[in-house]
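Colleague: What follows is input.txt, made up of compact mmCIF, C-alpha atoms and all ligand atoms:
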```txt
# COMPACT_ATOMS: atom_id res chain seq x y z
CA MET S 106 10.94 1.99 10.86
CA THR S 107 9.98 0.24 7.68
CA GLN S 108 12.46 0.13 4.84
CA VAL S 109 11.40 2.57 2.13
CA ALA S 110 12.89 2.64 -1.35
CA PHE S 111 13.52 5.89 -3.17
CA ILE S 112 13.34 4.93 -6.83
CA SER S 113 14.49 7.14 -9.65
CA HIS S 114 16.09 6.95 -13.07
CA SER S 115 18.37 9.54 -14.66
CA ASP S 116 16.53 9.13 -17.98
CA CYS S 117 13.43 10.78 -16.47
CA GLY S 118 15.37 14.03 -16.82
CA ARG S 119 15.68 13.51 -20.59
CA HIS S 120 12.02 14.28 -21.28
CA ASP S 121 12.66 17.83 -22.46
CA THR S 122 9.50 19.94 -22.42
CA GLY S 123 11.30 23.29 -22.21
CA TRP S 124 11.62 25.55 -19.17
CA ASN S 125 8.43 27.41 -20.04
CA HIS S 126 6.41 24.23 -19.68
CA PRO S 127 5.11 23.69 -16.12
CA GLU S 128 6.15 20.01 -16.23
CA HIS S 129 9.90 20.64 -16.61
CA VAL S 130 12.92 18.72 -15.39
CA GLY S 131 13.50 21.14 -12.51
CA ARG S 132 10.62 19.43 -10.71
CA LEU S 133 12.70 16.28 -10.34
CA ARG S 134 16.04 17.94 -9.74
CA ALA S 135 14.69 19.70 -6.66
CA ILE S 136 14.04 16.37 -4.92
CA PRO S 137 17.59 14.97 -4.48
CA ARG S 138 18.77 18.53 -3.78
CA ALA S 139 16.36 18.72 -0.84
CA LEU S 140 17.14 15.16 0.27
CA ARG S 141 20.81 16.05 0.68
CA HIS S 142 19.80 18.46 3.45
CA GLU S 143 18.15 15.60 5.37
CA PRO S 144 21.06 13.19 5.86
CA GLU S 145 19.20 11.01 8.33
CA LEU S 146 16.31 10.47 5.96
CA PHE S 147 18.68 10.12 3.00
CA GLU S 148 20.64 7.36 4.72
CA SER S 149 17.53 5.52 5.88
CA LEU S 150 16.33 5.02 2.30
CA LEU S 151 17.10 2.21 -0.09
CA HIS S 152 18.26 4.15 -3.16
CA HIS S 153 17.30 2.23 -6.25
CA GLU S 154 17.73 3.07 -9.92
CA GLY S 155 14.70 1.72 -11.73
CA ARG S 156 14.66 -0.02 -15.08
CA HIS S 157 12.96 0.65 -18.38
CA ALA S 158 9.56 -0.92 -18.92
CA THR S 159 9.39 -3.13 -21.99
CA ARG S 160 7.00 -2.60 -24.89
CA GLU S 161 5.04 -5.66 -23.71
CA GLU S 162 4.65 -4.07 -20.29
CA LEU S 163 3.30 -0.86 -21.84
CA LEU S 164 0.77 -3.04 -23.69
CA LEU S 165 -0.68 -4.10 -20.34
CA SER S 166 -2.61 -0.82 -20.55
CA HIS S 167 -2.04 0.75 -23.96
CA ASP S 168 -2.83 -0.01 -27.60
CA ALA S 169 0.12 -1.12 -29.69
CA ALA S 170 -0.66 1.52 -32.33
CA TYR S 171 -0.42 4.28 -29.71
CA VAL S 172 2.83 2.95 -28.24
CA ASP S 173 4.27 2.84 -31.77
CA ARG S 174 3.06 6.39 -32.45
CA VAL S 175 4.93 7.69 -29.39
CA ALA S 176 8.07 5.78 -30.40
CA ALA S 177 7.87 7.11 -33.97
CA LEU S 178 7.46 10.74 -32.87
CA VAL S 179 10.41 10.40 -30.50
CA ALA S 180 12.50 8.81 -33.27
CA LYS S 181 11.72 11.83 -35.44
CA GLY S 182 13.13 14.07 -32.72
CA GLY S 183 9.92 15.02 -30.95
CA GLY S 184 6.75 17.05 -31.34
CA HIS S 185 3.30 17.48 -29.83
CA LEU S 186 1.06 14.55 -28.90
CA ASP S 187 -1.69 16.87 -27.67
CA PRO S 188 -1.76 20.64 -27.11
CA ASP S 189 -0.24 20.24 -23.60
CA THR S 190 1.88 17.18 -24.13
CA VAL S 191 5.20 17.41 -25.93
CA VAL S 192 7.86 14.80 -26.51
CA SER S 193 11.56 15.22 -27.19
CA GLU S 194 14.35 12.91 -28.29
CA GLY S 195 14.73 11.58 -24.75
CA SER S 196 11.05 11.10 -24.02
CA TRP S 197 10.80 7.42 -24.89
CA ASP S 198 13.63 6.59 -22.51
CA ALA S 199 12.14 8.89 -19.87
CA ALA S 200 8.61 7.54 -20.11
CA THR S 201 9.64 3.89 -20.14
CA ALA S 202 11.96 4.57 -17.19
CA GLY S 203 9.07 6.23 -15.36
CA VAL S 204 6.92 3.14 -15.80
CA GLY S 205 9.86 0.82 -15.05
CA CYS S 206 10.55 2.54 -11.72
CA LEU S 207 7.04 1.73 -10.58
CA LEU S 208 7.30 -1.86 -11.79
CA ASP S 209 10.48 -2.22 -9.76
CA GLY S 210 8.61 -0.66 -6.83
CA VAL S 211 6.04 -3.47 -7.14
CA ASP S 212 8.72 -6.18 -7.31
CA ILE S 213 10.65 -4.67 -4.40
CA ALA S 214 7.48 -4.58 -2.28
CA PHE S 215 6.99 -8.30 -2.79
CA ASP S 216 10.56 -9.60 -2.65
CA GLY S 217 11.22 -8.07 0.74
CA ARG S 218 13.80 -5.45 -0.24
CA ALA S 219 11.47 -2.60 0.77
CA LEU S 220 7.82 -2.89 1.68
CA ARG S 221 7.17 0.63 0.51
CA SER S 222 8.61 2.90 -2.15
CA PHE S 223 8.29 6.28 -3.76
CA SER S 224 9.22 6.70 -7.40
CA ALA S 225 10.35 10.20 -8.35
CA VAL S 226 9.42 10.02 -12.01
CA ARG S 227 8.33 12.12 -14.93
CA PRO S 228 6.48 12.39 -17.22
CA PRO S 229 3.49 11.83 -14.94
CA GLY S 230 0.93 9.22 -15.94
CA HIS S 231 -2.58 9.59 -14.60
CA HIS S 232 -4.10 11.46 -17.59
CA ALA S 233 -2.83 9.09 -20.30
CA VAL S 234 -5.54 6.87 -21.79
CA ARG S 235 -5.33 3.65 -23.80
CA ASP S 236 -4.70 5.22 -27.18
CA ARG S 237 -3.79 8.81 -26.43
CA ALA S 238 -1.42 11.07 -24.49
CA MET S 239 -3.02 13.78 -22.44
CA GLY S 240 -2.23 16.41 -19.83
CA PHE S 241 1.60 16.02 -19.79
CA CYS S 242 1.23 12.21 -19.49
CA LEU S 243 2.46 9.61 -21.98
CA PHE S 244 1.84 6.23 -20.31
CA GLY S 245 -0.40 5.29 -17.40
CA ASN S 246 2.41 4.61 -14.92
CA VAL S 247 0.22 3.62 -11.98
CA ALA S 248 -2.40 1.73 -14.00
CA ILE S 249 0.33 -0.31 -15.69
CA ALA S 250 1.86 -1.04 -12.28
CA ALA S 251 -1.50 -2.36 -11.05
CA GLN S 252 -1.83 -4.71 -14.02
CA TYR S 253 1.79 -5.78 -13.63
CA ALA S 254 1.27 -6.54 -9.92
CA MET S 255 -1.59 -8.85 -10.82
CA ALA S 256 0.24 -10.50 -13.72
CA GLN S 257 3.67 -10.87 -12.08
CA GLN S 258 3.09 -10.92 -8.33
CA GLY S 259 -0.25 -12.68 -8.17
CA CYS S 260 -2.11 -9.74 -6.68
CA GLU S 261 -5.85 -10.27 -6.70
CA ARG S 262 -7.05 -6.88 -5.49
CA VAL S 263 -5.27 -3.57 -5.96
CA LEU S 264 -6.29 -0.19 -4.56
CA ILE S 265 -5.12 2.98 -6.32
CA VAL S 266 -5.53 6.29 -4.51
CA ASP S 267 -4.89 9.62 -6.26
CA TRP S 268 -4.63 12.93 -4.40
CA ASP S 269 -3.34 14.96 -7.35
CA VAL S 270 -5.46 18.12 -7.73
CA HIS S 271 -6.58 16.88 -11.16
CA HIS S 272 -8.88 13.95 -11.84
CA GLY S 273 -6.97 10.78 -12.70
CA ASN S 274 -9.07 10.32 -15.81
CA GLY S 275 -6.47 8.16 -17.50
CA THR S 276 -6.10 5.84 -14.55
CA GLN S 277 -9.87 5.54 -14.32
CA ALA S 278 -10.17 4.78 -18.04
CA LEU S 279 -7.42 2.15 -17.82
CA VAL S 280 -8.74 0.34 -14.73
CA GLU S 281 -12.51 0.81 -14.56
CA HIS S 282 -13.22 -2.33 -16.61
CA ASP S 283 -11.20 -4.48 -14.22
CA PRO S 284 -13.16 -5.16 -11.02
CA ARG S 285 -9.97 -6.36 -9.31
CA ILE S 286 -8.87 -2.73 -9.09
CA HIS S 287 -10.55 -0.06 -6.97
CA PHE S 288 -9.68 3.56 -7.70
CA VAL S 289 -10.16 6.64 -5.52
CA SER S 290 -9.49 10.09 -7.00
CA MET S 291 -9.98 13.37 -5.19
CA HIS S 292 -9.70 16.41 -7.41
CA GLN S 293 -10.63 20.03 -7.82
CA TRP S 294 -13.98 20.57 -9.51
CA PRO S 295 -14.68 22.11 -11.89
CA TRP S 296 -11.13 21.87 -13.21
CA TYR S 297 -8.96 20.16 -15.81
CA PRO S 298 -9.75 17.69 -17.38
CA GLY S 299 -13.45 18.09 -16.54
CA THR S 300 -14.14 14.43 -15.76
CA GLY S 301 -14.55 12.70 -12.39
CA ALA S 302 -18.07 13.57 -11.27
CA ALA S 303 -19.15 12.04 -7.96
CA ASN S 304 -21.76 9.89 -9.69
CA ASP S 305 -19.22 8.48 -12.17
CA CYS S 306 -18.51 5.18 -10.42
CA GLY S 307 -17.42 3.19 -13.48
CA PRO S 308 -19.23 0.21 -15.05
CA HIS S 309 -18.50 -2.05 -12.05
CA ASN S 310 -18.93 0.53 -9.26
CA THR S 311 -15.21 0.32 -8.53
CA ILE S 312 -14.42 4.02 -8.91
CA TRP S 313 -14.73 6.58 -6.11
CA ASN S 314 -14.54 10.12 -7.48
CA VAL S 315 -14.36 12.94 -4.96
CA PRO S 316 -14.77 16.29 -6.72
CA MET S 317 -14.07 19.21 -4.38
CA PRO S 318 -14.19 22.99 -4.74
CA ALA S 319 -10.96 24.99 -4.48
CA GLY S 320 -10.02 26.96 -1.39
CA LEU S 321 -11.61 24.88 1.39
CA PRO S 322 -9.90 24.38 4.76
CA ALA S 323 -7.38 21.58 4.24
CA ALA S 324 -9.05 19.26 6.74
CA ARG S 325 -12.07 19.06 4.44
CA TYR S 326 -9.92 17.54 1.70
CA VAL S 327 -8.22 15.11 4.05
CA ASP S 328 -11.52 13.94 5.54
CA ALA S 329 -13.23 13.58 2.16
CA PHE S 330 -10.32 11.65 0.72
CA LEU S 331 -10.06 9.20 3.62
CA ALA S 332 -13.84 8.69 3.71
CA ALA S 333 -13.67 7.66 0.05
CA VAL S 334 -10.71 5.34 0.73
CA ASP S 335 -12.72 3.69 3.49
CA ALA S 336 -15.79 3.38 1.28
CA ALA S 337 -13.69 1.84 -1.50
CA THR S 338 -12.35 -0.81 0.88
CA GLU S 339 -15.49 -1.61 2.84
CA SER S 340 -15.79 -5.07 1.32
CA PHE S 341 -12.53 -5.14 -0.62
CA THR S 342 -9.20 -5.90 1.03
CA PRO S 343 -6.38 -4.88 -1.30
CA ASP S 344 -3.13 -6.85 -1.37
CA LEU S 345 -1.29 -3.80 -2.71
CA VAL S 346 -1.88 -0.05 -2.47
CA LEU S 347 -0.64 2.33 -5.17
CA ILE S 348 -0.54 6.09 -4.58
CA SER S 349 -0.70 8.66 -7.37
CA ALA S 350 1.08 11.27 -5.29
CA GLY S 351 0.39 14.53 -7.07
CA PHE S 352 1.66 17.45 -5.04
CA ASP S 353 -0.20 20.06 -7.08
CA SER S 354 -2.84 19.69 -4.34
CA LEU S 355 -0.56 21.74 -2.06
CA GLN S 356 -1.50 25.29 -1.18
CA GLY S 357 0.01 27.71 -3.69
CA ASP S 358 0.50 25.34 -6.61
CA PRO S 359 0.23 27.27 -9.87
CA LEU S 360 -2.04 24.63 -11.42
CA GLY S 361 -4.42 24.02 -8.54
CA GLY S 362 -6.51 25.65 -5.83
CA PHE S 363 -6.39 23.09 -3.02
CA THR S 364 -4.89 24.10 0.32
CA LEU S 365 -2.96 21.07 1.57
CA THR S 366 0.08 21.70 3.76
CA LEU S 367 3.05 19.48 4.52
CA ASP S 368 1.23 18.35 7.68
CA ASP S 369 -1.63 17.17 5.51
CA VAL S 370 0.76 15.23 3.28
CA ARG S 371 2.05 13.53 6.44
CA THR S 372 -1.50 12.81 7.64
CA LEU S 373 -2.64 11.40 4.29
CA THR S 374 0.47 9.26 3.91
CA ARG S 375 0.24 7.86 7.43
CA ALA S 376 -3.46 7.18 7.05
CA VAL S 377 -2.87 5.19 3.87
CA VAL S 378 0.08 3.34 5.43
CA GLU S 379 -1.91 2.44 8.56
CA ARG S 380 -4.68 1.02 6.43
CA ALA S 381 -2.19 -0.86 4.24
CA GLU S 382 -0.71 -2.41 7.40
CA ARG S 383 -4.15 -3.80 8.17
CA TRP S 384 -4.92 -4.90 4.63
CA CYS S 385 -1.73 -6.27 3.18
CA GLY S 386 1.19 -6.13 5.57
CA GLY S 387 1.85 -2.52 4.62
CA ARG S 388 2.75 -2.78 0.93
CA VAL S 389 2.54 0.70 -0.63
CA VAL S 390 3.99 1.77 -3.98
CA SER S 391 3.81 5.53 -4.45
CA ALA S 392 4.74 7.65 -7.45
CA LEU S 393 4.96 11.31 -8.31
CA GLU S 394 2.23 12.71 -10.54
CA GLY S 395 1.78 16.51 -10.71
CA GLY S 396 3.14 19.32 -8.56
CA TYR S 397 4.47 22.41 -10.29
CA GLU S 398 6.26 24.44 -7.62
CA PRO S 399 9.52 22.44 -7.55
CA ASP S 400 10.71 23.39 -4.06
CA ALA S 401 7.28 22.74 -2.57
CA VAL S 402 7.13 19.38 -4.35
CA ALA S 403 10.55 18.46 -2.97
CA GLN S 404 9.56 19.37 0.59
CA ALA S 405 6.37 17.33 0.22
CA VAL S 406 8.36 14.37 -1.07
CA LEU S 407 10.60 14.48 2.02
CA VAL S 408 7.59 14.49 4.32
CA HIS S 409 5.93 11.74 2.27
CA LEU S 410 9.08 9.56 2.38
CA ALA S 411 9.47 10.02 6.14
CA ALA S 412 5.80 9.17 6.68
CA LEU S 413 6.06 6.06 4.50
CA ALA S 414 8.76 4.81 6.91
ZN ZN N 501 -2.23 17.33 -11.48
```
For this file, produce the structure as structure tokens.

Modeller:
Amino acid sequence: MTQVAFISHSDCGRHDTGWNHPEHVGRLRAIPRALRHEPELFESLLHHEGRHATREELLLSHDAAYVDRVAALVAKGGGHLDPDTVVSEGSWDAATAGVGCLLDGVDIAFDGRALRSFSAVRPPGHHAVRDRAMGFCLFGNVAIAAQYAMAQQGCERVLIVDWDVHHGNGTQALVEHDPRIHFVSMHQWPWYPGTGAANDCGPHNTIWNVPMPAGLPAARYVDAFLAAVDAATESFTPDLVLISAGFDSLQGDPLGGFTLTLDDVRTLTRAVVERAERWCGGRVVSALEGGYEPDAVAQAVLVHLAALA
């Protein structure tokens, strides 16, 4: 068993989108509730409360004017950043805690406390671009973590894999100009946000987009995803793997039409871990992205955590 950290921050619950918004706080609350029913798994984890990312850390991926715009809207009490993306009084603390959890995940992976981690955070991050919020996302959690790993931990090559049902357009936009980062995104097509065509490989051919129709047998998604991961690492050995673990790719999610089961979550997680063992001693930093059926997300997180170990 490898030590796995479960990283969270109570401030992530303070991003108040309202109960009618699919990305509501109940998504996170379901996770510890489910974990309590798995005492063996619960006790095996290193429970870690993350920190807040600093403004400078947000600037690893975002424009200062955008970061200030988010802060100003939060200071005013909240409002809309885009038609889907709202902020409340607590959203600055939530979003910086979300990023900070991942940054701690990176540090923990390198200082020996836990080789692997999962950060149960919200708001999600993979749609946010340099100067704009989008698709429920404020800051590019995973993209910032990749830049941080290179700046703080001396990483030279980082692989990001994203199995959320939506294209990680923000992550792609934030990393495609940096050839030290390879990015694999599998997503439903055609679907929100409309980007991520197979022939969109980024300016340095470091992006592997895997658009897939809805409703296929689950094995087709698993095979396509892992084939892309292998293609992305053919002549590129990452020293850290980041997972954008969106569980809206599960069968029955209200915002997606993929058909993954808990078994597939286990298979995907193990396949990434096995490869990470070969590449970089097994360092994997995973974080929640989408997933809008809270109990299903929680069950998937339990399976994902167990498979990380
Ligand atoms: Zn999604």

Colleague: I'd like the contact shell of Tyr171 (chain S) - 9 Å cut-off, all atoms listed in the file, skipping same-chain residues fewer than 2 positions apart - returned as a list in words.

Modeller: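 Once the nearby chain positions are removed, what remains is His167, Asp168, Ala169, Asp173, Arg174, Val175, Ala176, Arg235, Asp236, Arg237 and Ala238 of chain S.
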
Colleague: Between S:Leu146, S:Val402, S:Ala248, S:Ala202, which is the closest to ligand ZN 501 (chain N) once you count all atoms listed in the file?

Modeller: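 Looking only at the distances to ligand ZN 501 (chain N), the closest residue turns out to be S:Val402.
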
Colleague: With distances taken over only C-alpha atoms, which of S:Trp384, S:Phe223, S:Trp124, S:Tyr253 is nearest to His409 (chain S)?

Modeller: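 Looking at the shortest contact to His409 (chain S), the residue is S:Phe223.
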
Colleague: Can you work out which residues are within 8 Å of ligand ZN 501 (chain N), considering all atoms listed in the file, and then hand them over as a PyMOL selection string?

Modeller: chain S and resi 269-272+351-354+360-361+394-396

Colleague: Please report the interatomic distance between CA of Asn246 (chain S) and CA of Leu365 (chain S) in Å with one decimal.

Modeller: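 Between these atoms lies a distance of 23.9 Å.
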
Colleague: Here's a test: counting all atoms listed in the file, identify every protein, DNA and RNA residue with an atom at most 12 Å from (-15.2, 10.8, -17.7) in the file's coordinate frame, and state them as number ranges by chain.

Modeller: S: 232, 234, 272-279, 281, 297-308, 312, 314

Colleague: Check the smallest atom-to-atom distance from each of S:Glu162, S:Glu194, S:Asp216, S:Glu379 to Gly245 (chain S) using only C-alpha atoms, then report the winner.

Modeller: S:Glu162
